[in-house]
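**Q** Take a look at the following structure, please.
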Amino acid sequence: MCGIVGISDHPEASKLAYLGLYALQHRGEEAAGIVSYDGKDVHIVKDRGLVVDIFDAKTLESLKGSVAIAHTRYSTTGSSNKKNCQPFLVTHRNRALAVAHNGNLTNTEELYHRLEEDGSIFQTSMDSEIIVHLLAKAPNAEHKKWFVNVLSQLKGAFSLVFMIEGAIVGARDPQGFRPLVLGKLGNGYILASESCALDLTKAEFVREIDPGEVVIIRGDKIDSFYLPGSEKEKKAHCIFENIYFARPDSTIFNDNVYLVRKRLGAQLAKEAPAKGADFVMPIPDSGVYAALGYAQELGLPYEMGMIRNHYVGRTFTQPTQFLRDFRVRVKLNPMREVIAGKKIIVVEDSIVRGTTSRSRIREIRAAGAKEIHMRISCPPIVSPCFYGIDFPSKEELIANEKTIAEIAKFIEVDSLSYLSLDGMLSVMKDSKAFCHACFTGKYPVLVPGNTSKYVLEGVKK
Ligand code: AMP
């Protein structure tokens, strides 16, 4: 998880980067930062917190220059060290170099040890810092050779933006795990994790950066090239971006996320219809679009049986047991007037640990539902993600421990059905171009640690 933005050749570069971050806030609420360059000096502001809390008119004014890169961070570990905020900025060979990274590298340990043996001193625990050390260690060369040399050493998931003096550089791993799109913005360009950032900045969508592609953008000039051998690699876009993570108004992996979610819901309706249901309702917001597709496919009424309070972020803290007991209702309020006495289909995008779903279902039951039939718009999640989605360990994934009947019992529903793997893939434009390791345990790229525990599909050892 994480959102990244790069702006080239625009007099208000940092302000546009800020807007881009605003659109990408859902990709990470832990910390955010912007680095800009004014032709002479580099400026940086980064901190923990939401985009809206970190930047104000004064800080944005201090971020001078016509190039900028930006990052919004999702912390995958408990420690929210300020040092780990991005973009990561260093000065090397008298030039400033900044990087913002989305994705998880899978050969971090190997690179880390090699670099440490070679004298590198690390300041953070971010894999992005490794990339900077590799750039510093690589022989001085013109930009193209330099980036090919360094990026070819990385394995796993990386969508990256760099700022190097007046240029911005965008790069995507050969599998294309995480999205990265390119837009035209006045005389210059914008790079962003998702197209919703282009919409907000009024940029014109140009295209996605291809898997394995590197673009160096100076002003209005783009130099594009590919990492050697990347064209032979099988594509492995993260299907969970489509299911849950990306914004529904984004177009990524050549498809609109809203429409994909509706198709997932429609396919789910074909595979697991519900006889005699009074209506279909989503768990907001995650289940909204799949529920719509489900209801439309079966011609069933669609109701918003739970209303969301939009002023509660994902970060609602529960400092005491007394407050913890209100945690579910603070975000979603079930409506007795709609729910009581009804036979309901509840659609949700996914189940990870099962605990949130159980609380939601209890609330719906308490509002008087007669029957609750739950439908999930993806298959059971059974394996962790090594490429950037924050799933817990195998042991904490409920579908890894329990059968579907046992999960239904745990979350207290009258019936439970998941979308099949084939059904999920059948609604994708290119069903062969996706990573589905979280559902199948088949990993398309080397995973860290004990690889014998995992099935590596097509991975060159
Ligand atoms: P639960 O019932 O506790 O498994 O929570 C399910 C809800 O959390 C669904 O809306 C999921 O989409 C959402 N969710 C998505 N990704 C994650 C994640 N990485 N960790 C936890 N919950 C997630």
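We name chains A, B, ... following the order of the structure tokens; residues begin at 1 in each chain, and ligands are numbered from 1 as shown.
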Can you tell me, as an NGL selection string, what residues are no more than 12 Å from Ala290 in chain A when counting only C-alpha atoms, ignoring any on the same chain fewer than 2 positions away?

**A** :A and (242-244 or 248 or 257-269 or 280-288 or 292-297 or 302 or 345-350 or 375-378 or 419 or 424)

**Q** Using N, CA and C atoms, can you write the selected residues to a file as a short mmCIF file (atom, residue, chain, number, x, y, z; two decimals), in the first residue's frame?

**A**
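Contents of out-v1.cif, freshly written:
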data_model
loop_
_atom_site.label_atom_id
_atom_site.label_comp_id
_atom_site.auth_asym_id
_atom_site.auth_seq_id
_atom_site.Cartn_x
_atom_site.Cartn_y
_atom_site.Cartn_z
N ASN A 242 -8.17 -4.11 -7.40
CA ASN A 242 -9.50 -4.03 -8.01
C ASN A 242 -10.61 -4.37 -7.02
N ILE A 243 -10.36 -5.36 -6.19
CA ILE A 243 -11.41 -5.84 -5.27
C ILE A 243 -11.68 -4.83 -4.16
N TYR A 244 -10.61 -4.26 -3.60
CA TYR A 244 -10.79 -3.45 -2.39
C TYR A 244 -9.99 -2.15 -2.37
N PRO A 248 -12.74 3.50 -6.47
CA PRO A 248 -13.62 3.02 -7.54
C PRO A 248 -13.62 3.93 -8.77
N VAL A 257 -12.21 0.64 -12.03
CA VAL A 257 -12.37 -0.15 -10.80
C VAL A 257 -13.86 -0.32 -10.42
N TYR A 258 -14.62 0.74 -10.57
CA TYR A 258 -16.06 0.68 -10.27
C TYR A 258 -16.74 -0.40 -11.11
N LEU A 259 -16.43 -0.38 -12.41
CA LEU A 259 -17.07 -1.36 -13.30
C LEU A 259 -16.59 -2.78 -13.00
N VAL A 260 -15.32 -2.93 -12.67
CA VAL A 260 -14.82 -4.27 -12.30
C VAL A 260 -15.58 -4.78 -11.08
N ARG A 261 -15.73 -3.92 -10.07
CA ARG A 261 -16.42 -4.35 -8.83
C ARG A 261 -17.87 -4.74 -9.12
N LYS A 262 -18.53 -3.98 -10.01
CA LYS A 262 -19.91 -4.34 -10.36
C LYS A 262 -19.94 -5.70 -11.08
N ARG A 263 -18.96 -5.92 -11.94
CA ARG A 263 -18.92 -7.22 -12.65
C ARG A 263 -18.65 -8.37 -11.67
N LEU A 264 -17.81 -8.11 -10.67
CA LEU A 264 -17.56 -9.14 -9.65
C LEU A 264 -18.87 -9.47 -8.93
N GLY A 265 -19.64 -8.44 -8.61
CA GLY A 265 -20.92 -8.63 -7.93
C GLY A 265 -21.91 -9.40 -8.80
N ALA A 266 -21.95 -9.07 -10.08
CA ALA A 266 -22.87 -9.74 -11.01
C ALA A 266 -22.50 -11.22 -11.14
N GLN A 267 -21.20 -11.48 -11.22
CA GLN A 267 -20.74 -12.87 -11.33
C GLN A 267 -21.08 -13.65 -10.05
N LEU A 268 -20.92 -12.98 -8.93
CA LEU A 268 -21.27 -13.59 -7.63
C LEU A 268 -22.76 -13.94 -7.60
N ALA A 269 -23.60 -13.07 -8.16
CA ALA A 269 -25.05 -13.33 -8.20
C ALA A 269 -25.35 -14.56 -9.04
N VAL A 280 -31.00 -6.55 -1.30
CA VAL A 280 -29.54 -6.68 -1.20
C VAL A 280 -29.02 -5.41 -0.55
N MET A 281 -28.10 -5.56 0.40
CA MET A 281 -27.44 -4.37 0.95
C MET A 281 -25.93 -4.59 1.05
N PRO A 282 -25.15 -3.50 0.91
CA PRO A 282 -23.69 -3.65 1.04
C PRO A 282 -23.24 -3.38 2.47
N ILE A 283 -22.04 -3.82 2.80
CA ILE A 283 -21.33 -3.24 3.94
C ILE A 283 -20.63 -2.01 3.34
N PRO A 284 -21.03 -0.80 3.76
CA PRO A 284 -20.40 0.40 3.17
C PRO A 284 -18.98 0.61 3.71
N ASP A 285 -18.10 1.23 2.95
CA ASP A 285 -18.19 1.49 1.53
C ASP A 285 -17.67 0.31 0.71
N SER A 286 -16.92 -0.59 1.37
CA SER A 286 -16.19 -1.62 0.64
C SER A 286 -17.06 -2.52 -0.22
N GLY A 287 -18.32 -2.79 0.22
CA GLY A 287 -19.15 -3.73 -0.53
C GLY A 287 -20.12 -3.07 -1.51
N VAL A 288 -20.11 -1.73 -1.57
CA VAL A 288 -21.16 -0.98 -2.29
C VAL A 288 -21.28 -1.38 -3.77
N LEU A 292 -24.18 -3.60 -5.76
CA LEU A 292 -24.96 -3.01 -6.86
C LEU A 292 -25.02 -3.98 -8.04
N GLY A 293 -23.87 -4.51 -8.40
CA GLY A 293 -23.81 -5.48 -9.51
C GLY A 293 -24.62 -6.72 -9.19
N TYR A 294 -24.56 -7.16 -7.95
CA TYR A 294 -25.29 -8.36 -7.51
C TYR A 294 -26.80 -8.12 -7.64
N ALA A 295 -27.28 -7.00 -7.10
CA ALA A 295 -28.71 -6.69 -7.11
C ALA A 295 -29.23 -6.51 -8.54
N GLN A 296 -28.45 -5.80 -9.36
CA GLN A 296 -28.88 -5.57 -10.75
C GLN A 296 -28.98 -6.87 -11.51
N GLU A 297 -28.03 -7.77 -11.29
CA GLU A 297 -28.03 -9.05 -11.99
C GLU A 297 -29.29 -9.86 -11.68
N TYR A 302 -32.28 -2.82 -3.95
CA TYR A 302 -30.99 -2.50 -3.33
C TYR A 302 -31.25 -1.46 -2.25
N ILE A 345 -29.69 -10.04 1.84
CA ILE A 345 -28.39 -10.44 1.28
C ILE A 345 -27.41 -9.32 1.61
N VAL A 346 -26.36 -9.64 2.34
CA VAL A 346 -25.35 -8.63 2.66
C VAL A 346 -24.11 -8.92 1.81
N VAL A 347 -23.69 -7.93 1.01
CA VAL A 347 -22.52 -8.13 0.15
C VAL A 347 -21.33 -7.36 0.71
N GLU A 348 -20.20 -8.06 0.80
CA GLU A 348 -18.94 -7.45 1.26
C GLU A 348 -17.85 -7.82 0.26
N ASP A 349 -16.83 -6.99 0.15
CA ASP A 349 -15.78 -7.26 -0.84
C ASP A 349 -14.92 -8.45 -0.46
N SER A 350 -14.60 -8.59 0.84
CA SER A 350 -13.67 -9.66 1.24
C SER A 350 -13.77 -9.90 2.75
N ARG A 375 -22.60 -12.61 1.08
CA ARG A 375 -21.95 -12.93 -0.19
C ARG A 375 -20.67 -12.09 -0.29
N ILE A 376 -19.59 -12.77 -0.69
CA ILE A 376 -18.27 -12.11 -0.72
C ILE A 376 -17.77 -12.07 -2.17
N SER A 377 -17.36 -10.87 -2.62
CA SER A 377 -17.04 -10.71 -4.04
C SER A 377 -15.60 -11.08 -4.42
N CYS A 378 -15.00 -11.99 -3.65
CA CYS A 378 -13.71 -12.58 -4.03
C CYS A 378 -13.63 -13.96 -3.36
N LEU A 419 -17.17 -15.72 -4.06
CA LEU A 419 -16.99 -15.81 -5.50
C LEU A 419 -15.88 -16.84 -5.78
N MET A 424 -14.00 -14.97 -10.57
CA MET A 424 -13.34 -13.67 -10.36
C MET A 424 -12.48 -13.32 -11.58
#

**Q** Would you name the residues within 6 Å of ligand 1, counting only C-alpha atoms and all ligand atoms, and put them as a list in words?

**A**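 My answer, listing the contacting residues, is Tyr244, Ser286, Asp349, Ser350, Ile351, Val352, Arg353, Gly354, Thr355, Thr356, Ser357, Ile389, Asp390 and Phe391 of chain A.
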
**Q** Compile the contact shell of range 226-234 of chain A as a list in words: residues with an atom at most 6 Å away, counting only C-alpha atoms, same-chain residues fewer than 5 positions apart removed.

**A**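 Listing them by chain and then by number gives Val148, Pro174, Gly212, Glu213 and Val214 of chain A.
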
**Q** Go through A:Gly3, A:Pro380, A:Gly39, A:Pro87 and flag the residue nearest Ala23 in chain A, using only C-alpha atoms for the distances.

**A**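 For Ala23 in chain A, the nearest of the candidates is A:Gly3.
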
**Q** If you run DSSP on the backbone, which residues of range 135-236 of chain A are strand (DSSP E), as a ChimeraX atom specification?

**A** /A:159-164,167-172,181-185,188-192,204-208,213-218,221-226
